[in-house]
Amino acid sequence: MAGEGLRARIAVILELAGVDACIQCGRCTATCPAALPSSLRAREVVRAVQDGDMTVVTDRDDIWHCTTCFSCQERCPKGVQVTQAILWLRGEAVALGRYPAPHTAALAEISRTGNIFPLEAEIRAVRGQLSLPLDPPDCAHDPEELAAFHRLLEVLAFEDLAPERRPYAGEDTGENTGEDTGEDTDEGSGGGEGS
Amino acid sequence: MTERFAFFPGCISINLYPSIDRATRLVMAELDYELVDMPFACCPPPGVLRSYDEPTWTTLAARNLAVAAREGLPLLTICNGCFGSLHEASARLSEDVELREEVVLALREAGIEGAAEVADVKVLHILDLLGTPEARDRISDRVVHRLGTPVAVHYGCHYLRPSTRTGRDVEDPRVLDDLVEIAGFKSVPFPQKLSCCGAGGGAWSGQEATSLSILERKLGEMSSAGAEAVVNVCPFCHLQFDQGQRRLGRGVPSVPSVHLSQLLGLAFGMKDKALGLHTHLVPARGLAKAARSARADDRK
Ligand code: SF4
Ligand code: SF4
């Protein structure tokens, strides 16, 4: 189970991100654009890391409301790398299958074309209207480069980056949650809804 | 001699907003900078992928650096997200020998050319280039129409922060305001100017309500300050401003978005249609109209 391994890794995050210097002043939350519209409280996330409270990774989706704007990290009087800590905590959450549903499609796009946003026919036509080559001169349109890119994904075991998603408790997703409603949903497969 | 750059347009400008791709090419040619196309892939995303696994994120960024290294050119981005990924990766590869060795090994195993030089590539944001005294002179030489339109400038997070990495003035940056004014527009002051557009970190797709709420507040500040458009230096911020206004729906103040390259194109006398302003969801009609009447006056 997640237990001790996770506890140890959170302790590593604490050390690497300088979290033990935190004085709980709350300046990070005060500057956070996501604090107003969401449940994310940067100070509380930092506190959870200090306390080794694993629910911040295992049960709560607060960390996924962060826009990684780095304002908190910039403003912290104690030099705590708040944003970096949140990014690392997300990595731990991902390993447990805790991540937002649309990200699955985003990763699939990267492994298909190399780009998180693929080129759709409609935009391809706009490229033409603007006197750009219909196909951009990128990796996706260079067969040899794309083959090498795919080899690199294999070397990195990209397909195994995240286990199957486990929705958060009480999450209103409209997608399959284990308690199957029997209804078919196709959420997360919308092309172009990446990043 | 014409300076050359490995041009990294980023997947949003090539695949969602070709108007920005096109405008950048037109404007950079006008300024006598040569953009070299190379087979780049996604930066990759500093929000989603960096959250998943930093070594994977760094290695995919390093592949792009290896591609640029083949021509020995500095890599030029026009997107804060791309800059955030590539600049951070480049810095880590330079300072962490162990990481670099692992990354180079993975690239070699996949047969990626240029792997050995990944740490040698300079990563520039378009403001790093256009903010230089020389580029500013070139720009002011090319301006033919001073439209005077009031605009809100949006620096965006990953151009500025973290300052420990970017080394930039994150309290009172002026570079974008200056360029906008050199080009004959008016940069209006507004509260929370350096705050986030709400799109980053995977929030755009993963937490729509949070993301749009941050945007709505920002649009309100810009609109109250009298801005007729918002000028960005990042296609992802642009995507948020342009699509986000649509997603928010009616009742939200309209502040059409343009990328810096499009704004410069207008000042250089280029047609708004050539710059693709009409292809945005919320087209900057006011700017287009001002530019058209300036062009019409020229012909009189
Ligand atoms: S700003 Fe820094 S010191 Fe203050 S609560 Fe946040 S992390 Fe702790
Ligand atoms: S980086 Fe995340 S937690 Fe920090 S201020 Fe920005 S949105 Fe809030």
# chains A, B, ... in the order shown; residues from 1 in each chain; ligands from 1
call {"tool": "interface_residues", "arguments": {"of": "chain A", "to": "chain B", "cutoff": "7 Å", "atoms": "only C-alpha atoms", "output": "JSON, numbers by chain"}}
result
{"A": [33, 34, 37, 38, 65, 66, 67, 68, 69, 70, 74, 87, 88, 90, 91, 94, 100, 101, 102, 103, 114, 115, 116, 117, 118, 119, 123, 127, 130, 132, 136, 137, 138, 139, 140, 142, 145, 148, 151, 152, 155, 156, 193, 194, 195]}
call {"tool": "residues_around", "arguments": {"residues": "Val104 (chain B)", "least_positions_apart": "5", "cutoff": "9 Å", "atoms": "only C-alpha atoms", "output": "number ranges by chain"}}
result
B: 59, 62, 99, 109, 115-118
call {"tool": "write_last_selection", "arguments": {"atoms": "N, CA, C and O atoms", "output": "PDB file, in the first residue's frame"}}
result
ATOM      1  N   THR B  59      13.371  14.978 -20.185  1.00  0.00           N
ATOM      2  CA  THR B  59      13.972  14.262 -21.323  1.00  0.00           C
ATOM      3  C   THR B  59      13.282  14.636 -22.630  1.00  0.00           C
ATOM      4  O   THR B  59      13.945  14.801 -23.661  1.00  0.00           O
ATOM      5  N   ALA B  62      14.515  17.883 -23.551  1.00  0.00           N
ATOM      6  CA  ALA B  62      15.898  17.746 -24.024  1.00  0.00           C
ATOM      7  C   ALA B  62      15.945  17.275 -25.474  1.00  0.00           C
ATOM      8  O   ALA B  62      16.846  17.644 -26.223  1.00  0.00           O
ATOM      9  N   LEU B  99      22.067  14.098 -14.047  1.00  0.00           N
ATOM     10  CA  LEU B  99      20.821  14.173 -14.818  1.00  0.00           C
ATOM     11  C   LEU B  99      21.146  14.208 -16.306  1.00  0.00           C
ATOM     12  O   LEU B  99      20.537  13.507 -17.116  1.00  0.00           O
ATOM     13  N   GLU B 109      19.878   6.199 -26.890  1.00  0.00           N
ATOM     14  CA  GLU B 109      19.244   4.894 -27.045  1.00  0.00           C
ATOM     15  C   GLU B 109      18.121   4.959 -28.082  1.00  0.00           C
ATOM     16  O   GLU B 109      17.876   4.010 -28.816  1.00  0.00           O
ATOM     17  N   ALA B 115      22.209  14.660 -29.388  1.00  0.00           N
ATOM     18  CA  ALA B 115      22.068  14.391 -27.946  1.00  0.00           C
ATOM     19  C   ALA B 115      23.228  14.957 -27.122  1.00  0.00           C
ATOM     20  O   ALA B 115      23.014  15.508 -26.039  1.00  0.00           O
ATOM     21  N   ALA B 116      24.445  14.855 -27.671  1.00  0.00           N
ATOM     22  CA  ALA B 116      25.615  15.252 -26.876  1.00  0.00           C
ATOM     23  C   ALA B 116      25.613  16.742 -26.535  1.00  0.00           C
ATOM     24  O   ALA B 116      26.186  17.157 -25.536  1.00  0.00           O
ATOM     25  N   GLU B 117      24.942  17.538 -27.364  1.00  0.00           N
ATOM     26  CA  GLU B 117      25.014  19.004 -27.173  1.00  0.00           C
ATOM     27  C   GLU B 117      23.794  19.589 -26.453  1.00  0.00           C
ATOM     28  O   GLU B 117      23.603  20.805 -26.467  1.00  0.00           O
ATOM     29  N   VAL B 118      22.961  18.743 -25.847  1.00  0.00           N
ATOM     30  CA  VAL B 118      21.715  19.264 -25.254  1.00  0.00           C
ATOM     31  C   VAL B 118      21.918  20.430 -24.302  1.00  0.00           C
ATOM     32  O   VAL B 118      21.059  21.301 -24.197  1.00  0.00           O
TER      33      VAL B 118
END
call {"tool": "residues_near_ligand", "arguments": {"ligand": "ligand 1", "cutoff": "10 Å", "atoms": "only C-alpha atoms and all ligand atoms", "output": "MDAnalysis selection string"}}
result
chainID A and resid 17:31 41:47 50 71:83 85
call {"tool": "residues_around", "arguments": {"residues": "Arg92 (chain B)", "least_positions_apart": "2", "cutoff": "12 Å", "atoms": "only C-alpha atoms", "output": "list in words"}}
result
Glu54, Pro55, Trp57, Thr58, Thr59, Ala61, Ala62, Ser85, Leu86, His87, Glu88, Ala89, Ser90, Ser94, Glu95, Asp96, Val97, Glu98, Leu99, Arg100, Glu101, Val103, Val118, Ala119, Asp120 and Arg165 of chain B
call {"tool": "atom_distance", "arguments": {"atom1": "CA of Glu4 (chain A)", "atom2": "CA of Leu89 (chain A)"}}
result
15.2 Å
call {"tool": "select_by_dssp", "arguments": {"residues": "region 80-243 of chain B", "states": "helix (DSSP H, G or I)", "output": "NGL selection string"}}
result
:B and (80-95 or 97-109 or 115-120 or 126-130 or 133-142 or 157-160 or 163-166 or 175-182 or 203-206 or 208-224 or 235-243)
call {"tool": "write_last_selection", "arguments": {"atoms": "C-alpha atoms", "output": "compact mmCIF listing (two decimals), in the first residue's frame"}}
result
# COMPACT_ATOMS: atom_id res chain seq x y z
CA ASN B 80 5.63 31.18 -21.95
CA GLY B 81 4.77 27.51 -21.51
CA CYS B 82 7.37 26.40 -24.03
CA PHE B 83 9.87 28.79 -22.46
CA GLY B 84 9.07 27.45 -18.99
CA SER B 85 9.71 23.85 -20.01
CA LEU B 86 12.71 24.37 -22.28
CA HIS B 87 14.50 26.98 -20.20
CA GLU B 88 14.09 25.02 -16.98
CA ALA B 89 15.21 21.80 -18.65
CA SER B 90 18.19 23.51 -20.20
CA ALA B 91 19.24 24.98 -16.85
CA ARG B 92 18.89 21.64 -15.07
CA LEU B 93 20.89 19.87 -17.78
CA SER B 94 23.67 22.43 -17.44
CA GLU B 95 23.96 22.28 -13.69
CA VAL B 97 25.85 16.34 -14.54
CA GLU B 98 24.19 13.14 -13.39
CA LEU B 99 20.82 14.17 -14.82
CA ARG B 100 22.48 15.18 -18.07
CA GLU B 101 24.20 11.82 -18.42
CA GLU B 102 20.94 9.96 -17.90
CA VAL B 103 19.08 12.15 -20.36
CA VAL B 104 21.79 11.90 -23.03
CA LEU B 105 21.79 8.14 -22.60
CA ALA B 106 18.04 7.93 -23.16
CA LEU B 107 18.24 10.20 -26.22
CA ARG B 108 21.10 8.11 -27.65
CA GLU B 109 19.24 4.89 -27.05
CA ALA B 115 22.07 14.39 -27.95
CA ALA B 116 25.61 15.25 -26.88
CA GLU B 117 25.01 19.00 -27.17
CA VAL B 118 21.72 19.26 -25.25
CA ALA B 119 23.23 21.45 -22.57
CA ASP B 120 24.73 23.93 -25.05
CA ILE B 126 10.73 36.41 -27.86
CA LEU B 127 10.86 39.24 -25.31
CA ASP B 128 14.51 38.38 -24.62
CA LEU B 129 15.22 39.17 -28.25
CA LEU B 130 12.81 42.04 -28.93
CA PRO B 133 18.23 47.94 -27.51
CA GLU B 134 19.11 46.86 -31.04
CA ALA B 135 15.76 45.16 -31.64
CA ARG B 136 13.88 48.09 -30.13
CA ASP B 137 15.61 50.40 -32.60
CA ARG B 138 14.68 48.13 -35.47
CA ILE B 139 11.08 48.05 -34.32
CA SER B 140 10.78 51.80 -33.97
CA ASP B 141 12.28 52.18 -37.48
CA ARG B 142 9.58 49.93 -38.94
CA CYS B 157 3.59 33.57 -15.24
CA HIS B 158 6.22 31.44 -16.86
CA TYR B 159 7.92 34.30 -18.65
CA LEU B 160 8.47 35.98 -15.27
CA SER B 163 12.86 34.78 -10.73
CA THR B 164 15.51 32.55 -9.13
CA ARG B 165 15.57 30.83 -12.52
CA THR B 166 14.54 33.53 -15.01
CA VAL B 175 9.91 45.26 -21.41
CA LEU B 176 6.49 44.44 -22.87
CA ASP B 177 4.97 47.81 -21.91
CA ASP B 178 7.91 49.52 -23.61
CA LEU B 179 7.54 47.51 -26.81
CA VAL B 180 3.82 48.22 -26.93
CA GLU B 181 4.48 51.95 -26.53
CA ILE B 182 7.33 51.98 -29.08
CA ALA B 203 -6.20 23.81 -14.70
CA TRP B 204 -7.44 24.83 -18.15
CA SER B 205 -8.54 21.31 -18.94
CA GLY B 206 -8.63 19.75 -15.49
CA GLU B 208 -12.46 24.50 -15.66
CA ALA B 209 -14.44 26.36 -13.00
CA THR B 210 -11.30 27.48 -11.15
CA SER B 211 -9.56 28.40 -14.37
CA LEU B 212 -12.44 30.48 -15.73
CA SER B 213 -13.05 32.23 -12.45
CA ILE B 214 -9.44 33.44 -12.40
CA LEU B 215 -9.84 34.60 -16.00
CA GLU B 216 -13.09 36.42 -15.34
CA ARG B 217 -11.52 38.50 -12.62
CA LYS B 218 -8.60 39.37 -14.86
CA LEU B 219 -10.82 40.41 -17.76
CA GLY B 220 -12.80 42.61 -15.40
CA GLU B 221 -9.66 44.45 -14.24
CA MET B 222 -8.49 44.98 -17.82
CA SER B 223 -11.83 46.16 -19.05
CA SER B 224 -12.35 48.59 -16.15
CA PRO B 235 -0.31 31.36 -27.23
CA PHE B 236 -1.55 29.43 -24.20
CA CYS B 237 -2.53 32.63 -22.38
CA HIS B 238 -4.01 33.72 -25.71
CA LEU B 239 -6.04 30.50 -25.89
CA GLN B 240 -7.32 31.15 -22.39
CA PHE B 241 -8.26 34.76 -23.16
CA ASP B 242 -9.84 33.95 -26.52
CA GLN B 243 -11.64 30.67 -25.80
call {"tool": "residues_around", "arguments": {"residues": "Met270 (chain B)", "least_positions_apart": "5", "cutoff": "12 Å", "atoms": "only C-alpha atoms", "output": "ChimeraX atom specification"}}
result
/B:22-24,26-27,30,142-145,261-265,275-277,288,291-292,294-295
call {"tool": "write_last_selection", "arguments": {"atoms": "N, CA and C atoms", "output": "PDB file, in the first residue's frame"}}
result
ATOM      1  N   ARG B  22       1.831  32.714 -38.151  1.00  0.00           N
ATOM      2  CA  ARG B  22       1.990  33.532 -39.353  1.00  0.00           C
ATOM      3  C   ARG B  22       2.492  34.938 -39.025  1.00  0.00           C
ATOM      4  N   ALA B  23       1.845  35.569 -38.042  1.00  0.00           N
ATOM      5  CA  ALA B  23       2.221  36.942 -37.694  1.00  0.00           C
ATOM      6  C   ALA B  23       3.681  37.011 -37.251  1.00  0.00           C
ATOM      7  N   THR B  24       4.114  36.003 -36.491  1.00  0.00           N
ATOM      8  CA  THR B  24       5.501  36.011 -36.020  1.00  0.00           C
ATOM      9  C   THR B  24       6.464  35.923 -37.196  1.00  0.00           C
ATOM     10  N   LEU B  26       5.948  36.882 -40.298  1.00  0.00           N
ATOM     11  CA  LEU B  26       5.922  38.139 -41.057  1.00  0.00           C
ATOM     12  C   LEU B  26       6.730  39.228 -40.343  1.00  0.00           C
ATOM     13  N   VAL B  27       6.500  39.331 -39.050  1.00  0.00           N
ATOM     14  CA  VAL B  27       7.136  40.407 -38.291  1.00  0.00           C
ATOM     15  C   VAL B  27       8.641  40.188 -38.160  1.00  0.00           C
ATOM     16  N   GLU B  30      10.334  41.068 -41.328  1.00  0.00           N
ATOM     17  CA  GLU B  30      10.386  42.529 -41.451  1.00  0.00           C
ATOM     18  C   GLU B  30      11.536  43.102 -40.610  1.00  0.00           C
ATOM     19  N   ARG B 142      10.564  50.545 -38.034  1.00  0.00           N
ATOM     20  CA  ARG B 142       9.577  49.929 -38.939  1.00  0.00           C
ATOM     21  C   ARG B 142       8.147  50.404 -38.693  1.00  0.00           C
ATOM     22  N   VAL B 143       7.920  51.067 -37.547  1.00  0.00           N
ATOM     23  CA  VAL B 143       6.545  51.471 -37.223  1.00  0.00           C
ATOM     24  C   VAL B 143       6.074  52.536 -38.214  1.00  0.00           C
ATOM     25  N   VAL B 144       4.943  52.260 -38.882  1.00  0.00           N
ATOM     26  CA  VAL B 144       4.402  53.254 -39.810  1.00  0.00           C
ATOM     27  C   VAL B 144       3.087  53.841 -39.299  1.00  0.00           C
ATOM     28  N   HIS B 145       2.397  53.091 -38.435  1.00  0.00           N
ATOM     29  CA  HIS B 145       1.137  53.611 -37.897  1.00  0.00           C
ATOM     30  C   HIS B 145       1.177  53.619 -36.387  1.00  0.00           C
ATOM     31  N   SER B 261       3.274  39.675 -31.560  1.00  0.00           N
ATOM     32  CA  SER B 261       3.690  39.718 -32.965  1.00  0.00           C
ATOM     33  C   SER B 261       2.570  40.289 -33.845  1.00  0.00           C
ATOM     34  N   GLN B 262       1.332  40.018 -33.472  1.00  0.00           N
ATOM     35  CA  GLN B 262       0.216  40.565 -34.246  1.00  0.00           C
ATOM     36  C   GLN B 262       0.098  42.074 -34.047  1.00  0.00           C
ATOM     37  N   LEU B 263       0.312  42.514 -32.824  1.00  0.00           N
ATOM     38  CA  LEU B 263       0.238  43.945 -32.542  1.00  0.00           C
ATOM     39  C   LEU B 263       1.342  44.689 -33.309  1.00  0.00           C
ATOM     40  N   LEU B 264       2.550  44.117 -33.311  1.00  0.00           N
ATOM     41  CA  LEU B 264       3.651  44.747 -34.047  1.00  0.00           C
ATOM     42  C   LEU B 264       3.334  44.783 -35.536  1.00  0.00           C
ATOM     43  N   GLY B 265       2.745  43.691 -36.036  1.00  0.00           N
ATOM     44  CA  GLY B 265       2.378  43.643 -37.454  1.00  0.00           C
ATOM     45  C   GLY B 265       1.453  44.787 -37.834  1.00  0.00           C
ATOM     46  N   LEU B 275      -2.558  39.010 -40.721  1.00  0.00           N
ATOM     47  CA  LEU B 275      -2.102  38.654 -39.379  1.00  0.00           C
ATOM     48  C   LEU B 275      -3.098  37.721 -38.692  1.00  0.00           C
ATOM     49  N   GLY B 276      -4.185  37.415 -39.379  1.00  0.00           N
ATOM     50  CA  GLY B 276      -5.135  36.420 -38.886  1.00  0.00           C
ATOM     51  C   GLY B 276      -6.015  36.863 -37.730  1.00  0.00           C
ATOM     52  N   LEU B 277      -6.158  38.173 -37.519  1.00  0.00           N
ATOM     53  CA  LEU B 277      -6.978  38.632 -36.391  1.00  0.00           C
ATOM     54  C   LEU B 277      -8.408  38.098 -36.474  1.00  0.00           C
ATOM     55  N   ALA B 288      -8.412  46.162 -35.516  1.00  0.00           N
ATOM     56  CA  ALA B 288      -8.420  45.967 -36.968  1.00  0.00           C
ATOM     57  C   ALA B 288      -8.953  47.214 -37.666  1.00  0.00           C
ATOM     58  N   ALA B 291      -6.457  50.037 -37.608  1.00  0.00           N
ATOM     59  CA  ALA B 291      -5.368  49.786 -38.562  1.00  0.00           C
ATOM     60  C   ALA B 291      -5.836  50.029 -39.993  1.00  0.00           C
ATOM     61  N   ARG B 292      -7.074  49.642 -40.271  1.00  0.00           N
ATOM     62  CA  ARG B 292      -7.591  49.841 -41.629  1.00  0.00           C
ATOM     63  C   ARG B 292      -7.718  51.313 -41.970  1.00  0.00           C
ATOM     64  N   ALA B 294      -6.050  53.716 -40.736  1.00  0.00           N
ATOM     65  CA  ALA B 294      -4.701  54.290 -40.903  1.00  0.00           C
ATOM     66  C   ALA B 294      -4.151  53.956 -42.289  1.00  0.00           C
ATOM     67  N   ARG B 295      -4.423  52.717 -42.738  1.00  0.00           N
ATOM     68  CA  ARG B 295      -3.951  52.317 -44.075  1.00  0.00           C
ATOM     69  C   ARG B 295      -4.673  53.112 -45.162  1.00  0.00           C
TER      70      ARG B 295
END
call {"tool": "closest_residue", "arguments": {"among": "A:Ile10, A:Val56, A:Ile86, A:Ala121", "to": "ligand 2", "atoms": "only C-alpha atoms and all ligand atoms"}}
result
A:Ile86
call {"tool": "atom_distance", "arguments": {"atom1": "CA of Gly3 (chain A)", "atom2": "CA of Leu96 (chain A)"}}
result
11.3 Å
call {"tool": "decode", "arguments": {"residues": "region 88-103 of chain B", "atoms": "N, CA, C and O atoms", "output": "mmCIF file, in the first residue's frame"}}
result
data_model
loop_
_atom_site.group_PDB
_atom_site.id
_atom_site.type_symbol
_atom_site.label_atom_id
_atom_site.label_comp_id
_atom_site.auth_asym_id
_atom_site.auth_seq_id
_atom_site.Cartn_x
_atom_site.Cartn_y
_atom_site.Cartn_z
ATOM 1 N N GLU B 88 13.842 25.746 -18.226
ATOM 2 C CA GLU B 88 14.088 25.020 -16.977
ATOM 3 C C GLU B 88 14.892 23.738 -17.265
ATOM 4 O O GLU B 88 15.848 23.425 -16.565
ATOM 5 N N ALA B 89 14.493 23.036 -18.315
ATOM 6 C CA ALA B 89 15.212 21.800 -18.653
ATOM 7 C C ALA B 89 16.656 22.113 -18.993
ATOM 8 O O ALA B 89 17.584 21.438 -18.528
ATOM 9 N N SER B 90 16.853 23.150 -19.794
ATOM 10 C CA SER B 90 18.195 23.511 -20.203
ATOM 11 C C SER B 90 19.059 23.860 -18.992
ATOM 12 O O SER B 90 20.214 23.438 -18.879
ATOM 13 N N ALA B 91 18.485 24.607 -18.048
ATOM 14 C CA ALA B 91 19.236 24.983 -16.852
ATOM 15 C C ALA B 91 19.579 23.751 -16.011
ATOM 16 O O ALA B 91 20.705 23.601 -15.530
ATOM 17 N N ARG B 92 18.621 22.858 -15.867
ATOM 18 C CA ARG B 92 18.891 21.643 -15.072
ATOM 19 C C ARG B 92 19.962 20.782 -15.726
ATOM 20 O O ARG B 92 20.814 20.205 -15.058
ATOM 21 N N LEU B 93 19.910 20.693 -17.066
ATOM 22 C CA LEU B 93 20.890 19.867 -17.775
ATOM 23 C C LEU B 93 22.290 20.462 -17.665
ATOM 24 O O LEU B 93 23.280 19.738 -17.655
ATOM 25 N N SER B 94 22.365 21.797 -17.572
ATOM 26 C CA SER B 94 23.673 22.429 -17.438
ATOM 27 C C SER B 94 24.250 22.224 -16.060
ATOM 28 O O SER B 94 25.450 22.025 -15.904
ATOM 29 N N GLU B 95 23.403 22.288 -15.038
ATOM 30 C CA GLU B 95 23.960 22.281 -13.687
ATOM 31 C C GLU B 95 24.019 20.893 -13.045
ATOM 32 O O GLU B 95 24.723 20.713 -12.064
ATOM 33 N N ASP B 96 23.312 19.934 -13.594
ATOM 34 C CA ASP B 96 23.251 18.617 -12.964
ATOM 35 C C ASP B 96 23.855 17.554 -13.896
ATOM 36 O O ASP B 96 23.184 17.042 -14.791
ATOM 37 N N VAL B 97 25.116 17.238 -13.653
ATOM 38 C CA VAL B 97 25.851 16.336 -14.541
ATOM 39 C C VAL B 97 25.196 14.954 -14.602
ATOM 40 O O VAL B 97 25.073 14.344 -15.662
ATOM 41 N N GLU B 98 24.776 14.479 -13.454
ATOM 42 C CA GLU B 98 24.189 13.144 -13.388
ATOM 43 C C GLU B 98 22.905 13.071 -14.225
ATOM 44 O O GLU B 98 22.696 12.148 -15.001
ATOM 45 N N LEU B 99 22.067 14.098 -14.047
ATOM 46 C CA LEU B 99 20.821 14.173 -14.818
ATOM 47 C C LEU B 99 21.146 14.208 -16.306
ATOM 48 O O LEU B 99 20.537 13.507 -17.116
ATOM 49 N N ARG B 100 22.132 15.035 -16.654
ATOM 50 C CA ARG B 100 22.481 15.181 -18.072
ATOM 51 C C ARG B 100 22.908 13.832 -18.659
ATOM 52 O O ARG B 100 22.508 13.462 -19.744
ATOM 53 N N GLU B 101 23.726 13.108 -17.904
ATOM 54 C CA GLU B 101 24.199 11.818 -18.417
ATOM 55 C C GLU B 101 23.046 10.859 -18.664
ATOM 56 O O GLU B 101 22.994 10.172 -19.677
ATOM 57 N N GLU B 102 22.106 10.837 -17.728
ATOM 58 C CA GLU B 102 20.937 9.957 -17.896
ATOM 59 C C GLU B 102 20.115 10.345 -19.117
ATOM 60 O O GLU B 102 19.681 9.491 -19.898
ATOM 61 N N VAL B 103 19.897 11.648 -19.258
ATOM 62 C CA VAL B 103 19.083 12.148 -20.362
ATOM 63 C C VAL B 103 19.760 11.867 -21.704
ATOM 64 O O VAL B 103 19.127 11.377 -22.647
#
